[in-house]
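Here is run.cif, consisting of mmCIF, C-alpha atoms:
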```cif
data_my_file
#
loop_
_atom_site.label_atom_id
_atom_site.label_comp_id
_atom_site.auth_asym_id
_atom_site.auth_seq_id
_atom_site.Cartn_x
_atom_site.Cartn_y
_atom_site.Cartn_z
CA GLU S 1120 -61.73 -99.93 -203.31
CA ASP S 1121 -59.19 -101.57 -201.02
CA LYS S 1122 -60.64 -102.68 -197.72
CA VAL S 1123 -59.94 -104.79 -194.67
CA VAL S 1124 -62.86 -106.12 -192.64
CA GLN S 1125 -62.55 -107.63 -189.20
CA SER S 1126 -65.12 -109.65 -187.33
CA PRO S 1127 -66.55 -109.76 -184.83
CA LEU S 1128 -66.34 -106.10 -183.82
CA SER S 1129 -66.27 -107.14 -180.20
CA LEU S 1130 -66.60 -110.21 -178.07
CA VAL S 1131 -66.61 -111.13 -174.42
CA VAL S 1132 -65.29 -114.46 -173.21
CA HIS S 1133 -64.33 -116.10 -169.94
CA GLU S 1134 -60.82 -116.96 -168.94
CA GLY S 1135 -59.77 -120.26 -170.42
CA ASP S 1136 -61.93 -119.95 -173.50
CA THR S 1137 -60.51 -120.17 -177.01
CA VAL S 1138 -61.29 -117.36 -179.44
CA THR S 1139 -60.94 -116.92 -183.18
CA LEU S 1140 -60.72 -113.48 -184.72
CA ASN S 1141 -61.32 -112.99 -188.41
CA CYS S 1142 -59.84 -110.67 -190.99
CA SER S 1143 -60.89 -110.58 -194.63
CA TYR S 1144 -59.46 -108.30 -197.26
CA GLU S 1145 -59.91 -107.03 -200.76
CA VAL S 1146 -56.84 -105.18 -201.97
CA THR S 1147 -54.93 -104.73 -205.18
CA ASN S 1148 -51.60 -106.53 -205.29
CA PHE S 1149 -51.51 -108.03 -201.81
CA ARG S 1150 -48.08 -108.30 -200.17
CA SER S 1151 -48.55 -109.18 -196.51
CA LEU S 1152 -51.02 -109.27 -193.64
CA LEU S 1153 -50.13 -108.05 -190.18
CA TRP S 1154 -51.75 -108.54 -186.78
CA TYR S 1155 -51.33 -106.04 -183.97
CA LYS S 1156 -52.53 -105.95 -180.36
CA GLN S 1157 -53.57 -102.60 -178.91
CA GLU S 1158 -54.06 -102.57 -175.15
CA LYS S 1159 -54.01 -98.94 -174.19
CA LYS S 1160 -52.36 -96.79 -176.78
CA ALA S 1161 -49.57 -98.09 -179.00
CA PRO S 1162 -50.41 -101.13 -181.14
CA THR S 1163 -47.78 -103.79 -180.74
CA PHE S 1164 -46.80 -106.20 -183.49
CA LEU S 1165 -47.91 -109.83 -183.28
CA PHE S 1166 -47.49 -111.56 -186.63
CA MET S 1167 -46.72 -110.95 -190.27
CA LEU S 1168 -48.09 -113.42 -192.80
CA THR S 1169 -47.14 -113.59 -196.44
CA SER S 1170 -47.70 -117.21 -197.47
CA SER S 1171 -50.88 -119.25 -197.43
CA GLY S 1172 -51.26 -122.17 -195.10
CA ILE S 1173 -48.19 -121.54 -192.95
CA GLU S 1174 -49.16 -121.07 -189.33
CA LYS S 1175 -47.34 -118.50 -187.25
CA LYS S 1176 -47.33 -119.26 -183.55
CA SER S 1177 -46.31 -117.40 -180.44
CA GLY S 1178 -47.29 -119.00 -177.15
CA ARG S 1179 -51.06 -119.20 -176.99
CA LEU S 1180 -51.50 -117.08 -180.10
CA SER S 1181 -51.43 -118.39 -183.64
CA SER S 1182 -52.42 -117.10 -187.02
CA ILE S 1183 -52.80 -118.39 -190.54
CA LEU S 1184 -53.42 -116.83 -193.92
CA ASP S 1185 -55.55 -118.06 -196.83
CA LYS S 1186 -54.63 -116.08 -199.93
CA LYS S 1187 -57.13 -117.90 -202.09
CA GLU S 1188 -60.11 -117.02 -199.91
CA LEU S 1189 -58.54 -113.70 -198.88
CA PHE S 1190 -58.71 -113.99 -195.13
CA SER S 1191 -56.71 -114.63 -192.02
CA ILE S 1192 -57.61 -115.83 -188.56
CA LEU S 1193 -56.00 -115.15 -185.22
CA ASN S 1194 -56.52 -117.82 -182.57
CA ILE S 1195 -55.99 -117.35 -178.87
CA THR S 1196 -56.21 -120.44 -176.69
CA ALA S 1197 -56.69 -120.56 -172.91
CA THR S 1198 -57.45 -116.84 -172.82
CA GLN S 1199 -56.30 -114.73 -169.89
CA THR S 1200 -57.44 -111.31 -168.70
CA GLY S 1201 -54.20 -109.90 -170.09
CA ASP S 1202 -55.41 -110.81 -173.57
CA SER S 1203 -58.10 -108.14 -173.29
CA ALA S 1204 -57.29 -105.64 -176.04
CA VAL S 1205 -58.22 -104.46 -179.50
CA TYR S 1206 -56.73 -106.72 -182.16
CA LEU S 1207 -55.94 -104.97 -185.41
CA CYS S 1208 -55.45 -106.55 -188.81
CA ALA S 1209 -53.58 -104.68 -191.53
CA VAL S 1210 -52.71 -105.47 -195.14
CA THR S 1211 -49.82 -104.09 -197.17
CA THR S 1212 -49.93 -103.83 -200.92
CA GLY S 1213 -47.49 -103.61 -203.78
CA ALA S 1214 -48.24 -99.89 -204.04
CA ASN S 1215 -46.70 -99.57 -200.58
CA ASN S 1216 -50.02 -98.84 -198.96
CA LEU S 1217 -51.10 -100.17 -195.60
CA PHE S 1218 -54.79 -100.67 -194.81
CA PHE S 1219 -56.12 -101.37 -191.34
CA GLY S 1220 -59.37 -102.97 -190.29
CA THR S 1221 -61.45 -101.35 -187.55
CA GLY S 1222 -60.31 -103.95 -185.07
CA THR S 1223 -61.90 -106.54 -182.80
CA ARG S 1224 -62.28 -105.63 -179.14
CA LEU S 1225 -61.72 -108.69 -176.97
CA THR S 1226 -62.71 -108.66 -173.32
CA VAL S 1227 -61.71 -111.61 -171.15
CA ILE S 1228 -63.67 -111.94 -167.92
CA PRO S 1229 -62.03 -113.64 -164.91
CA LYS T 102 -33.19 -98.44 -177.63
CA ALA T 103 -35.85 -95.77 -177.23
CA GLY T 104 -39.18 -96.38 -178.92
CA VAL T 105 -41.28 -94.01 -180.96
CA THR T 106 -41.95 -90.87 -178.92
CA GLN T 107 -44.98 -88.69 -179.47
CA THR T 108 -45.72 -85.36 -177.88
CA PRO T 109 -47.91 -84.08 -176.45
CA ARG T 110 -49.74 -87.12 -175.10
CA TYR T 111 -52.97 -85.26 -174.45
CA LEU T 112 -54.30 -81.92 -175.57
CA ILE T 113 -57.55 -80.04 -175.70
CA LYS T 114 -58.32 -77.45 -178.34
CA THR T 115 -61.37 -75.53 -179.47
CA ARG T 116 -62.92 -75.44 -182.90
CA GLY T 117 -61.06 -73.23 -185.35
CA GLN T 118 -57.71 -73.54 -183.60
CA GLN T 119 -54.74 -75.34 -185.05
CA VAL T 120 -52.54 -78.01 -183.52
CA THR T 121 -49.07 -79.42 -184.12
CA LEU T 122 -48.12 -82.92 -183.04
CA SER T 123 -44.59 -84.25 -182.90
CA CYS T 124 -43.09 -87.68 -183.46
CA SER T 125 -39.53 -88.88 -182.90
CA PRO T 126 -38.92 -92.25 -184.57
CA ILE T 127 -36.74 -95.06 -183.36
CA SER T 128 -33.09 -94.25 -183.94
CA GLY T 129 -32.14 -95.39 -187.42
CA HIS T 130 -35.71 -95.44 -188.69
CA ARG T 131 -36.17 -93.06 -191.58
CA SER T 132 -39.81 -93.68 -192.48
CA VAL T 133 -42.57 -92.11 -190.40
CA SER T 134 -46.29 -92.64 -190.91
CA TRP T 135 -49.23 -90.93 -189.24
CA TYR T 136 -52.63 -92.45 -188.50
CA GLN T 137 -55.87 -91.15 -187.07
CA GLN T 138 -57.78 -93.56 -184.85
CA THR T 139 -61.43 -93.06 -183.94
CA PRO T 140 -63.88 -95.59 -182.49
CA GLY T 141 -66.05 -95.67 -185.59
CA GLN T 142 -63.43 -95.53 -188.33
CA GLY T 143 -60.55 -97.44 -186.84
CA LEU T 144 -57.04 -96.59 -188.01
CA GLN T 145 -57.04 -94.24 -190.98
CA PHE T 146 -53.80 -93.53 -192.83
CA LEU T 147 -52.84 -89.86 -193.00
CA PHE T 148 -49.43 -89.74 -194.63
CA GLU T 149 -45.97 -91.26 -194.77
CA TYR T 150 -42.63 -89.49 -194.91
CA PHE T 151 -39.24 -90.81 -195.89
CA SER T 152 -36.08 -88.74 -196.19
CA GLU T 153 -38.05 -85.53 -195.68
CA THR T 154 -40.37 -86.34 -198.60
CA GLN T 155 -44.03 -87.27 -198.43
CA ARG T 156 -44.33 -90.64 -200.12
CA ASN T 157 -47.99 -91.44 -199.56
CA LYS T 158 -51.06 -89.55 -198.52
CA GLY T 159 -54.44 -90.76 -197.32
CA ASN T 160 -57.85 -89.31 -198.03
CA PHE T 161 -57.85 -86.40 -195.63
CA PRO T 162 -58.58 -82.74 -196.36
CA GLY T 163 -55.83 -80.21 -196.87
CA ARG T 164 -56.23 -79.04 -193.26
CA PHE T 165 -54.06 -82.02 -192.37
CA SER T 166 -50.42 -81.55 -193.25
CA GLY T 167 -47.09 -82.87 -192.16
CA ARG T 168 -43.39 -82.65 -192.62
CA GLN T 169 -40.22 -84.51 -191.76
CA PHE T 170 -36.92 -83.06 -190.70
CA SER T 171 -33.41 -84.15 -191.58
CA ASN T 172 -33.11 -86.06 -188.31
CA SER T 173 -36.26 -88.05 -189.30
CA ARG T 174 -38.41 -86.39 -186.66
CA SER T 175 -41.84 -85.58 -188.01
CA GLU T 176 -44.63 -83.17 -187.22
CA MET T 177 -48.22 -83.10 -188.31
CA ASN T 178 -50.44 -80.06 -188.26
CA VAL T 179 -54.19 -79.75 -188.31
CA SER T 180 -55.59 -76.31 -189.01
CA THR T 181 -59.09 -74.97 -188.45
CA LEU T 182 -59.95 -77.79 -186.08
CA GLU T 183 -63.37 -79.40 -186.23
CA LEU T 184 -65.16 -81.47 -183.61
CA GLY T 185 -64.68 -84.54 -185.80
CA ASP T 186 -60.92 -84.18 -185.56
CA SER T 187 -61.08 -85.47 -181.99
CA ALA T 188 -59.11 -88.70 -182.13
CA LEU T 189 -55.99 -90.54 -181.15
CA TYR T 190 -53.20 -89.65 -183.56
CA LEU T 191 -50.64 -92.41 -183.87
CA CYS T 192 -47.20 -92.14 -185.35
CA ALA T 193 -45.29 -95.19 -186.52
CA SER T 194 -41.77 -95.63 -187.79
CA MET T 195 -39.90 -98.22 -189.77
CA VAL T 196 -36.43 -98.53 -191.20
CA GLY T 197 -37.35 -97.74 -194.79
CA PRO T 198 -40.30 -97.20 -197.11
CA SER T 199 -43.39 -99.32 -196.75
CA SER T 200 -42.91 -102.85 -197.90
CA GLY T 201 -44.19 -106.25 -197.00
CA ALA T 202 -41.01 -107.03 -195.16
CA ASN T 203 -41.07 -104.06 -192.84
CA VAL T 204 -43.07 -103.79 -189.67
CA LEU T 205 -44.32 -100.59 -188.15
CA THR T 206 -43.47 -99.65 -184.59
CA PHE T 207 -46.08 -97.36 -183.09
CA GLY T 208 -45.81 -94.59 -180.57
CA ALA T 209 -48.27 -94.20 -177.72
CA GLY T 210 -50.21 -91.55 -179.57
CA SER T 211 -51.46 -88.04 -179.00
CA ARG T 212 -55.03 -87.83 -177.78
CA LEU T 213 -56.65 -84.70 -179.24
CA THR T 214 -59.97 -83.45 -177.98
CA VAL T 215 -61.68 -80.63 -179.86
CA LEU T 216 -64.36 -78.75 -177.95
#
```

Now, as a test, write the supplied structure out as structure tokens.
Amino acid sequence: EDKVVQSPLSLVVHEGDTVTLNCSYEVTNFRSLLWYKQEKKAPTFLFMLTSSGIEKKSGRLSSILDKKELFSILNITATQTGDSAVYLCAVTTGANNLFFGTGTRLTVIP
Amino acid sequence: KAGVTQTPRYLIKTRGQQVTLSCSPISGHRSVSWYQQTPGQGLQFLFEYFSETQRNKGNFPGRFSGRQFSNSRSEMNVSTLELGDSALYLCASMVGPSSGANVLTFGAGSRLTVL
């Protein structure tokens, strides 16, 4: 059974902290892994990863994929209250399916 | 360029009723997917449409159905509503069929509450 598991389910940090969100997967014929940020309603795209070991970076956010160990991490440095959101990980497969994890709820306290 | 538009944004129904939700994709996007989001289950895939044809379907009962029109707009229908159908229903569009190279753009969702 294809599945995507995110951890932790939730975490609370203080502004300025660095956080690491985890996403592990077990799917048939992996194609890509996607990270989304969901603040209120519509998830917004952050990164797409297809190759192992190549870090994607956007400002204080970065992500990397390990296709051997079947996981990805999303790092956020110097967190701000605006980073508070649910972070979703999704995996696409060769069968053109897209599987989402349940998300990690991040709360950044001033 | 307008984003993905979903209507209505909020609605309240009672058990046994049926509901129709609408989604207008980004102009030029021909693939539309629907997801159900609940706190416990996260985002669950409902179905995907491309060129008015259902290409993929998730593990939901037959009460959940959808369709796509020639202008790529899509509707989903839930009949005989149950309390457990209360959720945020998200629509997402992309240029073409699901692939590793395409990225979904989500709408703001329709929040359904079943009483």

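For chain S, the residues having at least one atom no farther than 8 Å from chain T, when counting only C-alpha atoms, are Arg1150, Ser1151, Lys1160, Ala1161, Pro1162, Thr1163, Phe1164, Thr1169, Thr1211, Thr1212, Gly1213, Asn1215, Asn1216, Leu1217, Phe1218, Phe1219, Gly1220, Thr1221 and Gly1222 of chain S.
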
Explicit residues for the PyMOL selection byres ((chain S and resi 1187-1198) around 6) (as a ChimeraX atom specification)
/S:1134-1144,1179-1186,1199

Since I can't run it myself right now, could you work out what the PyMOL selection byres ((chain T and resi 175-187) around 6) selects here and report it as an MDAnalysis selection string?
chainID T and resid 116:124 164:169 174 188 213:215

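Residues captured in this structure file are T:Gly104, T:Val105, T:Pro126, T:Ser128, T:His130, according to the PyMOL selection byres ((chain T and resi 127) around 6).
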
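Minimum atom-to-atom distances from S:Ala1209, S:Ala1204, S:Ala1214, S:Leu1128 to Leu1168 in chain S were compared using all atoms listed in the file, and the lowest value belongs to S:Ala1209.
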